[in-house]
Each structure stands twice: as structure tokens, then as C-alpha cells.
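Printed here is entry_7.tsv (TSV, C-alpha atoms):
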```tsv
chain	number	residue	atom	x	y	z
J	1	THR	CA	-3.69	14.60	3.19
J	2	GLY	CA	-7.03	16.38	3.48
J	3	SER	CA	-5.98	17.91	6.82
J	4	LEU	CA	-4.48	21.41	6.86
J	5	LYS	CA	-2.81	20.76	10.23
J	6	LEU	CA	-1.25	17.50	9.07
J	7	ASP	CA	-0.14	19.05	5.77
J	8	GLU	CA	1.55	21.84	7.74
J	9	LEU	CA	3.34	19.38	10.00
J	10	MET	CA	4.50	17.40	6.95
J	11	ASP	CA	5.72	20.46	5.03
J	12	GLY	CA	2.96	20.22	2.44
J	13	GLY	CA	1.74	16.63	2.63
J	14	LEU	CA	2.92	13.43	0.99
J	15	SER	CA	5.65	13.39	-1.65
J	16	PRO	CA	6.54	10.84	-4.35
J	17	GLY	CA	7.78	7.52	-2.97
J	18	LEU	CA	6.48	5.01	-0.44
J	19	HIS	CA	4.31	5.78	2.58
J	20	ARG	CA	2.95	3.45	5.26
J	21	PHE	CA	-0.49	3.64	6.83
J	22	CYS	CA	-0.77	1.24	9.75
J	23	GLY	CA	-2.93	0.75	12.80
J	24	ILE	CA	-6.05	-0.80	14.21
J	25	ASN	CA	-8.79	-2.48	12.21
J	26	GLU	CA	-11.50	-0.02	11.10
J	27	GLY	CA	-9.21	2.85	12.14
J	28	GLY	CA	-9.55	4.89	8.93
J	29	LYS	CA	-6.43	3.77	7.04
J	30	THR	CA	-8.18	2.97	3.77
J	31	SER	CA	-10.38	6.06	3.95
J	32	GLU	CA	-7.33	8.30	4.40
J	33	ALA	CA	-5.43	6.52	1.62
J	34	LEU	CA	-8.36	7.16	-0.72
J	35	GLU	CA	-8.45	10.81	0.36
J	36	VAL	CA	-4.80	11.10	-0.70
J	37	MET	CA	-5.60	9.26	-3.94
J	38	LYS	CA	-8.45	11.68	-4.68
J	39	ASN	CA	-6.20	14.71	-4.15
J	40	PHE	CA	-3.42	13.12	-6.23
J	41	LEU	CA	-5.81	12.56	-9.15
J	42	LEU	CA	-7.12	16.12	-8.89
J	43	THR	CA	-3.79	17.94	-8.65
J	44	VAL	CA	-1.11	15.91	-10.47
J	45	PRO	CA	-1.05	16.18	-14.29
J	46	ASP	CA	-1.67	12.91	-16.20
J	47	ALA	CA	-2.41	11.10	-12.94
J	48	LYS	CA	-3.94	7.65	-12.65
J	49	GLY	CA	-4.77	5.55	-9.60
J	50	PHE	CA	-4.05	1.86	-9.11
J	51	TYR	CA	-5.77	0.19	-6.16
J	52	ILE	CA	-4.54	-3.31	-5.29
J	53	LYS	CA	-7.47	-4.98	-3.62
J	54	ALA	CA	-5.93	-7.76	-1.56
J	55	GLU	CA	-8.63	-7.56	1.10
J	56	ARG	CA	-11.92	-5.69	0.84
J	57	LEU	CA	-13.24	-2.46	-0.68
J	58	SER	CA	-16.90	-1.89	0.08
J	59	PRO	CA	-19.23	-0.13	-2.38
J	60	ASP	CA	-20.07	2.36	0.39
J	61	MET	CA	-16.40	3.29	0.85
J	62	MET	CA	-15.90	3.60	-2.90
J	63	GLU	CA	-18.90	5.91	-3.21
J	64	ARG	CA	-17.97	8.25	-0.37
J	65	SER	CA	-14.27	8.46	-1.32
J	66	GLY	CA	-14.85	10.78	-4.26
J	67	VAL	CA	-12.57	8.62	-6.42
J	68	LYS	CA	-13.87	7.34	-9.77
J	69	PHE	CA	-13.12	3.61	-9.79
J	70	VAL	CA	-12.98	1.56	-12.99
J	71	PHE	CA	-12.63	-2.17	-13.56
J	72	THR	CA	-11.59	-2.48	-17.23
J	73	ALA	CA	-8.57	-1.23	-19.16
J	74	GLU	CA	-10.84	0.59	-21.63
J	75	GLU	CA	-12.34	2.72	-18.85
J	76	TRP	CA	-9.01	3.53	-17.22
J	77	VAL	CA	-8.24	7.09	-18.27
J	78	VAL	CA	-6.45	10.01	-16.60
J	79	GLY	CA	-8.20	10.98	-13.35
J	80	THR	CA	-9.59	7.50	-12.62
J	81	CYS	CA	-8.47	4.60	-10.42
J	82	PHE	CA	-8.22	1.02	-11.66
J	83	VAL	CA	-9.14	-1.70	-9.16
J	84	PHE	CA	-6.69	-4.60	-9.44
J	85	GLU	CA	-7.90	-7.66	-7.54
J	86	SER	CA	-5.10	-10.01	-6.54
J	87	GLN	CA	-3.55	-11.44	-3.39
J	88	ILE	CA	-0.51	-12.91	-5.13
J	89	TYR	CA	2.63	-10.93	-4.35
J	90	GLU	CA	4.41	-11.71	-7.61
J	91	VAL	CA	1.41	-10.65	-9.70
J	92	CYS	CA	1.09	-7.33	-7.84
J	93	VAL	CA	4.81	-6.56	-8.08
J	94	ASP	CA	4.91	-7.31	-11.79
J	95	ALA	CA	1.86	-5.11	-12.42
J	96	MET	CA	3.37	-2.15	-10.55
J	97	ARG	CA	6.80	-2.57	-12.15
J	98	THR	CA	5.27	-2.70	-15.61
J	99	LEU	CA	3.30	0.51	-15.05
J	100	VAL	CA	6.31	2.37	-13.65
J	101	VAL	CA	8.97	1.14	-16.09
J	102	LYS	CA	6.94	0.79	-19.31
J	103	ASN	CA	5.19	4.14	-19.25
J	104	PRO	CA	5.27	5.76	-22.72
J	105	GLU	CA	2.41	8.14	-21.83
J	106	LYS	CA	4.41	9.44	-18.83
J	107	ASN	CA	1.49	8.95	-16.44
J	108	LYS	CA	2.01	9.57	-12.74
J	109	TYR	CA	0.61	6.74	-10.64
J	110	CYS	CA	-0.76	6.66	-7.13
J	111	PHE	CA	-0.69	3.06	-5.91
J	112	ILE	CA	-2.59	1.80	-2.87
J	113	LEU	CA	-1.83	-1.69	-1.59
J	114	ASP	CA	-4.63	-2.74	0.73
J	115	SER	CA	-3.10	-4.53	2.43
J	116	VAL	CA	0.38	-5.96	2.96
J	117	ASP	CA	-1.19	-8.53	5.28
J	118	GLY	CA	-3.48	-9.77	2.50
J	119	LEU	CA	-0.64	-10.77	0.16
J	120	LEU	CA	0.85	-14.22	-0.17
J	121	SER	CA	3.49	-15.67	-2.44
J	122	LYS	CA	2.69	-17.94	-5.36
J	123	ASN	CA	4.37	-20.83	-3.54
J	124	ASP	CA	2.15	-20.36	-0.50
J	125	GLU	CA	-0.98	-20.21	-2.65
J	126	ASP	CA	-0.18	-23.61	-4.09
J	127	LYS	CA	0.21	-25.24	-0.66
J	128	THR	CA	-2.53	-27.26	0.95
J	129	PHE	CA	-3.98	-26.25	4.31
J	130	GLY	CA	-1.88	-28.97	5.90
J	131	ASP	CA	1.36	-27.39	4.71
J	132	SER	CA	2.95	-24.65	6.76
J	133	ASN	CA	3.42	-21.19	5.33
J	134	LYS	CA	6.74	-19.39	5.63
J	135	VAL	CA	7.28	-17.63	8.95
J	136	ALA	CA	7.42	-13.83	8.56
J	137	GLY	CA	6.24	-14.16	4.97
J	138	GLY	CA	4.92	-10.59	5.02
J	139	ALA	CA	8.32	-9.22	5.98
J	140	VAL	CA	10.05	-11.16	3.19
J	141	ILE	CA	7.45	-9.99	0.66
J	142	ALA	CA	7.89	-6.37	1.73
J	143	ALA	CA	11.70	-6.51	1.62
J	144	ASN	CA	11.79	-8.05	-1.86
J	145	PHE	CA	9.24	-5.60	-3.17
J	146	MET	CA	10.97	-2.47	-1.93
J	147	LYS	CA	14.41	-3.55	-3.15
J	148	ARG	CA	12.91	-3.63	-6.63
J	149	MET	CA	10.63	-0.60	-6.53
J	150	ALA	CA	11.57	2.07	-3.95
J	151	ILE	CA	13.96	4.20	-6.00
J	152	ALA	CA	11.89	4.00	-9.19
J	153	LEU	CA	8.75	5.21	-7.39
J	154	ALA	CA	10.37	8.32	-5.96
J	155	LYS	CA	12.59	9.18	-8.93
J	156	ARG	CA	9.78	8.98	-11.48
J	157	GLY	CA	7.21	10.91	-9.45
J	158	HIS	CA	4.91	8.07	-8.40
J	159	MET	CA	3.41	7.50	-4.97
J	160	ALA	CA	2.62	4.24	-3.18
J	161	ILE	CA	0.67	3.82	0.05
J	162	PHE	CA	1.03	0.45	1.76
J	163	ILE	CA	-1.61	-0.34	4.35
J	164	SER	CA	-0.79	-2.67	7.25
J	165	GLN	CA	-2.47	-3.94	10.37
J	166	VAL	CA	-0.90	-3.71	13.82
J	167	ARG	CA	1.24	-6.57	15.04
J	168	ALA	CA	0.60	-8.15	18.40
J	169	ASP	CA	3.59	-9.15	20.51
J	170	ILE	CA	3.14	-12.47	22.28
J	171	LYS	CA	5.03	-12.58	25.57
J	172	LEU	CA	5.65	-16.01	27.03
J	173	ASP	CA	7.42	-14.55	30.04
J	174	PRO	CA	5.67	-11.47	31.50
J	175	TYR	CA	8.93	-10.39	33.20
J	176	THR	CA	11.06	-10.18	30.07
J	177	LYS	CA	11.90	-6.81	28.60
J	178	ALA	CA	9.79	-5.86	25.59
J	179	PRO	CA	11.77	-5.37	22.37
J	180	ILE	CA	12.19	-1.81	21.14
J	181	ARG	CA	10.11	-1.29	18.00
J	182	GLN	CA	9.95	1.71	15.70
J	183	THR	CA	6.34	0.97	14.83
J	184	SER	CA	3.63	-1.57	15.56
J	185	ALA	CA	3.04	-2.28	11.86
J	186	THR	CA	3.44	-5.60	10.11
J	187	GLY	CA	5.71	-5.91	7.09
J	188	GLY	CA	9.20	-6.06	8.59
J	189	ASN	CA	12.10	-3.61	8.73
J	190	ALA	CA	12.33	-3.11	4.95
J	191	LEU	CA	9.11	-1.11	4.86
J	192	LEU	CA	10.37	0.97	7.80
J	193	HIS	CA	13.63	1.69	6.00
J	194	PHE	CA	12.13	2.63	2.64
J	195	ALA	CA	9.04	4.54	3.81
J	196	ASN	CA	9.10	8.35	3.58
J	197	TRP	CA	6.26	8.69	6.09
J	198	ILE	CA	4.60	6.25	8.47
J	199	LEU	CA	1.16	7.29	9.70
J	200	GLU	CA	-0.09	5.25	12.66
J	201	PHE	CA	-3.85	5.13	13.21
J	202	GLU	CA	-4.48	4.64	16.91
J	203	PRO	CA	-7.66	3.85	18.90
```
I'd like the structure from this file rewritten - as C-alpha cells, please.
Amino acid sequence: TGSLKLDELMDGGLSPGLHRFCGINEGGKTSEALEVMKNFLLTVPDAKGFYIKAERLSPDMMERSGVKFVFTAEEWVVGTCFVFESQIYEVCVDAMRTLVVKNPEKNKYCFILDSVDGLLSKNDEDKTFGDSNKVAGGAVIAANFMKRMAIALAKRGHMAIFISQVRADIKLDPYTKAPIRQTSATGGNALLHFANWILEFEP
């Protein structure tokens, strides 16, 4: 993780499989995910990074991360991270599944999805602004994704970090009891169920 204390608490850091980084805006989620990516690329044999840019990735953050980013397939070699720019859920899922399942070179991948909140389905992309988007679309996207990918990620030695924003609860009645939540992150219960670790970045 880049932190000796955190690594000690986590029995050595992050393992293969899915991890969640969630919390406030500008709280350090992307920076920490890139720190993990850097260490993954430095320590895992035949490692490659795959950064799904569904929101933003500033040149300043890229420079200070210590990760070598590339933008073409020809440049994407072991020890580098390919930047994949898409907000369409189906496109991102297909890209990750292809890399994990069709992997003759036996590369180990570190995926960063930044962020779950930035994804939308193909159907929603085709709607006009006047049409309503599906309620809890992020939760549905997350559930479908993890049903397809969770076991393959862990079993084959890959890591995925999904970044999410915090979710605000809107209370119409100030006297009602607040629901019990395991985390404040968006993305629904599927990402809670499948995640090995959930790191919450607080103010």
C-alpha cells in the first residue's frame, strides 16, 4: 500500500482480487490506487497496469504517481500502464474479461476503475436528456460486473481496485431511524460482498 503500518494491519497489503477505495472527493483515492499500481508493476513478474479512465486523470497526478502510462497498444509492455478511456460499462467489462481470459502471455494485471460512478450502460448513453436513467444504475452495473469477474480475478492472480464516491442519504423525515450501512460507498451490495478490502477515505 505504500504504508508500513497499513501493510502490517492488512497482513502484508493487498492480495489478488477486488478492492474498494471509497470516500470524499479529493480525498486521495486515486493517488493511493496509483501507489498500489506502481508497487504491483515493480514487484509482480510480467505485470501490466490497466487504468479505466471514466472520469479524470490529470497530467500532474500521472507524473507524480511514478507509473509509466501509455496510450497505444504498441507501447504497452510489461511494467507499464495502459490508459483506457471509456464510460460505457459494457465496453469496460468486455475489455477486462478479454485481458483476463485470453491471456497467452500469462500477464498479471492490475486494474483501476476510476470510477464506478462515472460508468453508464450502453442503453443509458443512447437516451436523450429528457429520458430518465435507471434508478440505482451503479448498483446494477457493479452486481453484473462482479458476477462475471470476481472469481477469475482472484484465481488468476489479478488485482482490481474500484474507486467510488460517498453516497449521501436523503432523509425526508428527520425523526426516522437511519438505515444500517456497512459503508458509505456507492455501487450497491454486490461490491461489498465481493470486495476483499474496503478502504474508506475520510475527511
Listed atoms of range 93-102 of chain J, axis-aligned box, 4 Å per side: centre and edge lengths to one decimal in Å, as lines of an AutoDock Vina configuration file?
```
center_x = 5.4
center_y = -2.5
center_z = -13.7
size_x = 15.1
size_y = 17.7
size_z = 19.2
```
Exercise for review: Provide the CA of Cys110 in chain J to CA of His158 in chain J distance in Å, to one decimal place.
Suggested key: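 Atom-to-atom, CA of Cys110 in chain J to CA of His158 in chain J, that is 6.0 Å.
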Check your understanding: Which residue, J:Val91, J:Leu18, J:Leu34, J:Ala195, has the smallest gap to Val67 in chain J when you use only C-alpha atoms?
Key -> J:Leu34
Review point. Using only C-alpha atoms, which residue out of J:Leu42, J:Leu113, J:Met10, J:Val70 lies closest to Met159 in chain J?
Key: J:Leu113
Exercise for review: Do a neighbour search on Glu63 in chain J at 12 Å with all atoms listed in the file, toss out local chain neighbours closer than 5 positions, and write the hits as a PyMOL selection string.
Suggested key: chain J and resi 31+34+57-58+68-69
Exercise for review: For Thr43 in chain J, list every protein, DNA or RNA residue within 12 Å, evaluated using only C-alpha atoms, and leave out those in the same chain fewer than 4 positions away; present the list as a PyMOL selection string.
Suggested key: chain J and resi 36-39+47-48+78-79+108+110
Check your understanding: Hey, which of J:Ile112, J:Ala73, J:Ile24, J:Ile52 ends up closest to Cys92 in chain J? Count all atoms listed in the file.
Key ->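 So, comparing all the options, the nearest one is J:Ile52.
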Point to revise | Top pick for closest residue to Phe111 in chain J, considering J:Trp197, J:Tyr51, J:Asp46, J:Gly28 and counting only C-alpha atoms | key: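 The closest residue to Phe111 in chain J is J:Tyr51.
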Check your understanding: Suppose you want the space between CA of Ile161 in chain J and CA of Asn107 in chain J; what is it in Å?
Key ->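 Distance between the two atoms: 17.3 Å.
The interatomic distance for the pair CA of Ala154 in chain J and CA of Leu199 in chain J works out to 18.2 Å.
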